[in-house]
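Asks: My questions will all concern the structure given below.
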Amino acid sequence: MGMEYCIMDSPYLLCWLESTAYSQWIVAGLVGWPLMLSMHAVGLAIIVGIMFTLNMRMFGFFKPIPYVAINDLMVFGWIGIALNIFSGFSLFMAQANFYITNFPFLLKISFIILGIANLHYTQKVLKRDAAIWDSSGVVPQISMVLAGSSLAFWILAVVGGRLIAYL
């Protein structure tokens with residue numbers, strides 16, 4: 001299936017993405033779509049698991065676990081994000097014209113961008129202040145703000161992703 005099947009008013013780039021052999025393997029093959037969707041679910045589980053643990057610690061739970069140790073786990077969060085960027089873009093390529101106009105998809109992407117920006121900033125703050133926070137035993141206000149916004153961004157990204165199929 002080539003670009004001759006593309007919607008007439010669609011941007012060329014979207015039509016080209018949908019017509020690539022890789023995209024066709026994903027959308028028409030028996031393995032591509034389930035593999036990418038499964039990879040996306042695993043990446044999501046990694047991100048949500050790591051972020052939930054980090055955010056709960058930043059709210060003041062799990063006090064025996066030092067902030068420094070939690071910050072060291074963030075490398076796995078970035079691995080989950082990388083996995084989801086790869087699998088998500090692969091899924092996007094298969095139906096680019098659909099996704100680019102799908103409101104829940106656009107919301108999902110917006111919240112992912114906010115979540116990644118929040119994660120990056122949180123890591124900078126933890127790198128700078130984690131040892132101080134661990135020694136003082138006090139949960140700073142910035143910690144709770146970052147954790148609350150992180151939870152909101154990632155939950156809304158997941159909800160947006162789930163709504164793609166229904167709206």
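Ordering of the structure tokens sets the chain letters (A, B, ...); residue numbers start at 1 within each chain; ligands are numbered from 1 in the order shown.
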Against segment 144-152 of chain A, which residues of segment 29-127 of chain A fall within 12 Å? For each one I want the closest pair of atoms and the distance in Å (one decimal), counting only C-alpha atoms, rows by chain and increasing residue number, as CSV.

Replies:
residue,atom,partner,partner_atom,distance
A:Ile47,CA,A:Leu151,CA,11.2
A:Val48,CA,A:Leu151,CA,8.9
A:Gly49,CA,A:Leu151,CA,11.2
A:Ile50,CA,A:Leu151,CA,11.2
A:Met51,CA,A:Leu151,CA,7.6
A:Phe52,CA,A:Leu151,CA,7.2
A:Thr53,CA,A:Ala147,CA,10.1
A:Leu54,CA,A:Ala147,CA,7.8
A:Asn55,CA,A:Ala147,CA,4.6
A:Met56,CA,A:Ala147,CA,7.4
A:Arg57,CA,A:Ala147,CA,8.6
A:Met58,CA,A:Met144,CA,5.9
A:Phe59,CA,A:Met144,CA,5.2
A:Gly60,CA,A:Met144,CA,8.3
A:Phe61,CA,A:Met144,CA,11.1
A:Lys108,CA,A:Ala152,CA,11.9
A:Phe111,CA,A:Ala152,CA,8.7
A:Ile112,CA,A:Ser150,CA,10.0
A:Ile113,CA,A:Ser150,CA,11.1
A:Leu114,CA,A:Ser150,CA,8.3
A:Gly115,CA,A:Ser150,CA,5.8
A:Ile116,CA,A:Ser150,CA,8.8
A:Ala117,CA,A:Ser150,CA,9.4
A:Asn118,CA,A:Ser150,CA,6.3
A:Leu119,CA,A:Ser150,CA,7.3
A:His120,CA,A:Leu146,CA,10.8
A:Tyr121,CA,A:Leu146,CA,8.6
A:Thr122,CA,A:Leu146,CA,6.7
A:Gln123,CA,A:Leu146,CA,10.3
A:Lys124,CA,A:Leu146,CA,11.6
A:Val125,CA,A:Leu146,CA,9.7
A:Leu126,CA,A:Leu146,CA,10.7

Asks: Which residues are near segment 36-42 of chain A? Cut-off 10 Å, only C-alpha atoms, ignore same chain within fewer than 4 positions. Put them as a ChimeraX atom specification.

Replies: /A:26,31-32,46-48,80-81,83-91

Asks: Find the distance between atom CA of Leu156 of chain A and atom CA of Gly43 of chain A and write it in Å to one decimal.

Replies: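 Atom-to-atom, atom CA of Leu156 of chain A and atom CA of Gly43 of chain A are spaced 16.3 Å apart.
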
Asks: Interatomic distance between atom CA of Leu107 of chain A and atom CA of Ala21 of chain A?

Replies: 28.4 Å

Asks: List every residue of chain A that DSSP, applied to the backbone of this structure, places in helix (DSSP H, G or I), and write the result as a PyMOL selection string.

Replies: chain A and resi 3-5+12-19+21-28+32-58+67-94+96-99+103-136+141-163

Asks: Could you write out that same residue set with C-alpha atoms as a short mmCIF file (atom, residue, chain, number, x, y, z; two decimals), in the first residue's frame?

Replies:
data_model
loop_
_atom_site.label_atom_id
_atom_site.label_comp_id
_atom_site.auth_asym_id
_atom_site.auth_seq_id
_atom_site.Cartn_x
_atom_site.Cartn_y
_atom_site.Cartn_z
CA MET A 3 0.95 6.88 -1.00
CA GLU A 4 -1.76 6.58 -3.65
CA TYR A 5 -4.08 5.51 -0.83
CA TYR A 12 3.02 14.72 2.42
CA LEU A 13 5.14 13.76 5.44
CA LEU A 14 2.25 11.91 7.09
CA CYS A 15 1.45 10.07 3.86
CA TRP A 16 5.10 9.17 3.43
CA LEU A 17 5.32 7.86 7.02
CA GLU A 18 2.28 5.65 6.46
CA SER A 19 3.65 4.32 3.16
CA ALA A 21 7.85 -0.52 4.43
CA TYR A 22 8.39 -0.32 8.19
CA SER A 23 4.97 1.27 8.71
CA GLN A 24 3.35 -1.34 6.49
CA TRP A 25 5.04 -4.09 8.48
CA ILE A 26 3.54 -2.64 11.65
CA VAL A 27 0.01 -2.11 10.35
CA ALA A 28 -0.38 -5.11 8.03
CA GLY A 32 4.43 -5.59 14.06
CA TRP A 33 1.42 -4.05 15.78
CA PRO A 34 1.26 -6.49 18.74
CA LEU A 35 5.04 -6.23 19.21
CA MET A 36 5.04 -2.41 19.25
CA LEU A 37 1.94 -2.26 21.45
CA SER A 38 3.51 -4.72 23.91
CA MET A 39 6.77 -2.76 23.90
CA HIS A 40 4.74 0.39 24.57
CA ALA A 41 3.00 -1.27 27.53
CA VAL A 42 6.32 -2.44 29.02
CA GLY A 43 7.84 1.03 28.62
CA LEU A 44 4.77 2.55 30.24
CA ALA A 45 4.98 0.13 33.17
CA ILE A 46 8.63 1.07 33.70
CA ILE A 47 7.91 4.80 33.57
CA VAL A 48 4.85 4.66 35.81
CA GLY A 49 6.51 2.31 38.31
CA ILE A 50 9.66 4.39 38.65
CA MET A 51 7.78 7.70 38.69
CA PHE A 52 5.27 6.46 41.27
CA THR A 53 8.09 5.34 43.57
CA LEU A 54 9.99 8.60 43.13
CA ASN A 55 6.87 10.72 43.63
CA MET A 56 5.73 8.86 46.73
CA ARG A 57 9.20 9.37 48.23
CA MET A 58 9.01 13.06 47.36
CA TYR A 67 16.47 10.42 47.87
CA VAL A 68 19.92 9.74 46.45
CA ALA A 69 19.03 6.07 45.89
CA ILE A 70 15.71 6.95 44.27
CA ASN A 71 17.46 9.41 41.97
CA ASP A 72 19.80 6.59 40.89
CA LEU A 73 16.75 4.60 39.72
CA MET A 74 15.85 7.34 37.26
CA VAL A 75 18.10 5.80 34.63
CA PHE A 76 15.44 3.10 34.31
CA GLY A 77 12.76 5.76 33.92
CA TRP A 78 14.72 7.19 30.99
CA ILE A 79 15.01 3.68 29.50
CA GLY A 80 11.22 3.36 29.74
CA ILE A 81 10.80 6.75 28.08
CA ALA A 82 13.20 5.76 25.27
CA LEU A 83 11.31 2.50 24.77
CA ASN A 84 8.02 4.39 24.58
CA ILE A 85 9.36 7.01 22.18
CA PHE A 86 10.52 4.25 19.82
CA SER A 87 7.38 2.11 20.08
CA GLY A 88 5.05 5.13 20.16
CA PHE A 89 6.57 6.66 17.03
CA SER A 90 6.36 3.26 15.34
CA LEU A 91 2.64 3.05 16.17
CA PHE A 92 2.17 6.68 15.09
CA MET A 93 3.78 5.97 11.70
CA ALA A 94 1.24 3.25 10.98
CA ALA A 96 -0.16 9.12 11.21
CA ASN A 97 -3.14 10.82 9.53
CA PHE A 98 -5.48 9.46 12.19
CA TYR A 99 -3.30 10.34 15.17
CA PHE A 103 -7.57 15.16 20.30
CA PRO A 104 -6.78 12.57 23.03
CA PHE A 105 -3.52 11.74 21.21
CA LEU A 106 -2.53 15.40 21.10
CA LEU A 107 -3.34 15.75 24.81
CA LYS A 108 -1.33 12.62 25.57
CA ILE A 109 1.71 13.96 23.72
CA SER A 110 1.36 17.33 25.51
CA PHE A 111 1.29 15.66 28.93
CA ILE A 112 4.24 13.42 28.01
CA ILE A 113 6.28 16.49 27.08
CA LEU A 114 5.32 18.13 30.39
CA GLY A 115 6.12 14.91 32.27
CA ILE A 116 9.55 14.63 30.65
CA ALA A 117 10.32 18.29 31.36
CA ASN A 118 9.21 17.79 34.98
CA LEU A 119 11.37 14.67 35.27
CA HIS A 120 14.41 16.49 33.89
CA TYR A 121 13.94 19.38 36.33
CA THR A 122 13.28 16.99 39.23
CA GLN A 123 16.54 15.20 38.52
CA LYS A 124 18.43 18.49 38.53
CA VAL A 125 16.88 19.43 41.88
CA LEU A 126 17.55 15.98 43.36
CA LYS A 127 21.14 15.98 42.16
CA ARG A 128 21.64 19.34 43.85
CA ASP A 129 19.58 18.84 47.05
CA ALA A 130 19.03 15.10 47.70
CA ALA A 131 21.82 14.74 50.27
CA ILE A 132 20.53 17.79 52.19
CA TRP A 133 16.96 16.48 52.12
CA ASP A 134 18.11 13.05 53.32
CA SER A 135 20.09 14.47 56.25
CA SER A 136 17.38 16.92 57.36
CA GLN A 141 7.58 22.13 49.55
CA ILE A 142 9.29 22.00 46.13
CA SER A 143 9.47 18.23 46.49
CA MET A 144 5.70 17.96 46.92
CA VAL A 145 4.98 20.37 44.05
CA LEU A 146 7.25 18.45 41.68
CA ALA A 147 5.78 15.11 42.77
CA GLY A 148 2.18 16.30 42.47
CA SER A 149 2.69 17.78 39.03
CA SER A 150 4.57 14.67 37.90
CA LEU A 151 1.76 12.38 39.01
CA ALA A 152 -0.80 14.60 37.28
CA PHE A 153 1.17 14.73 34.01
CA TRP A 154 1.80 10.98 33.81
CA ILE A 155 -1.74 9.99 34.86
CA LEU A 156 -3.22 12.38 32.29
CA ALA A 157 -0.84 11.02 29.63
CA VAL A 158 -2.00 7.46 30.37
CA VAL A 159 -5.68 8.47 30.37
CA GLY A 160 -5.20 10.38 27.11
CA GLY A 161 -3.56 7.32 25.59
CA ARG A 162 -6.42 5.08 26.65
CA LEU A 163 -9.00 7.49 25.20
#

Asks: Report, in Å to a single decimal, how far apart atom CA of Gly29 of chain A and atom CA of Asn102 of chain A are.

Replies: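 Atom-to-atom, atom CA of Asn102 of chain A to atom CA of Gly29 of chain A, that is 23.8 Å.
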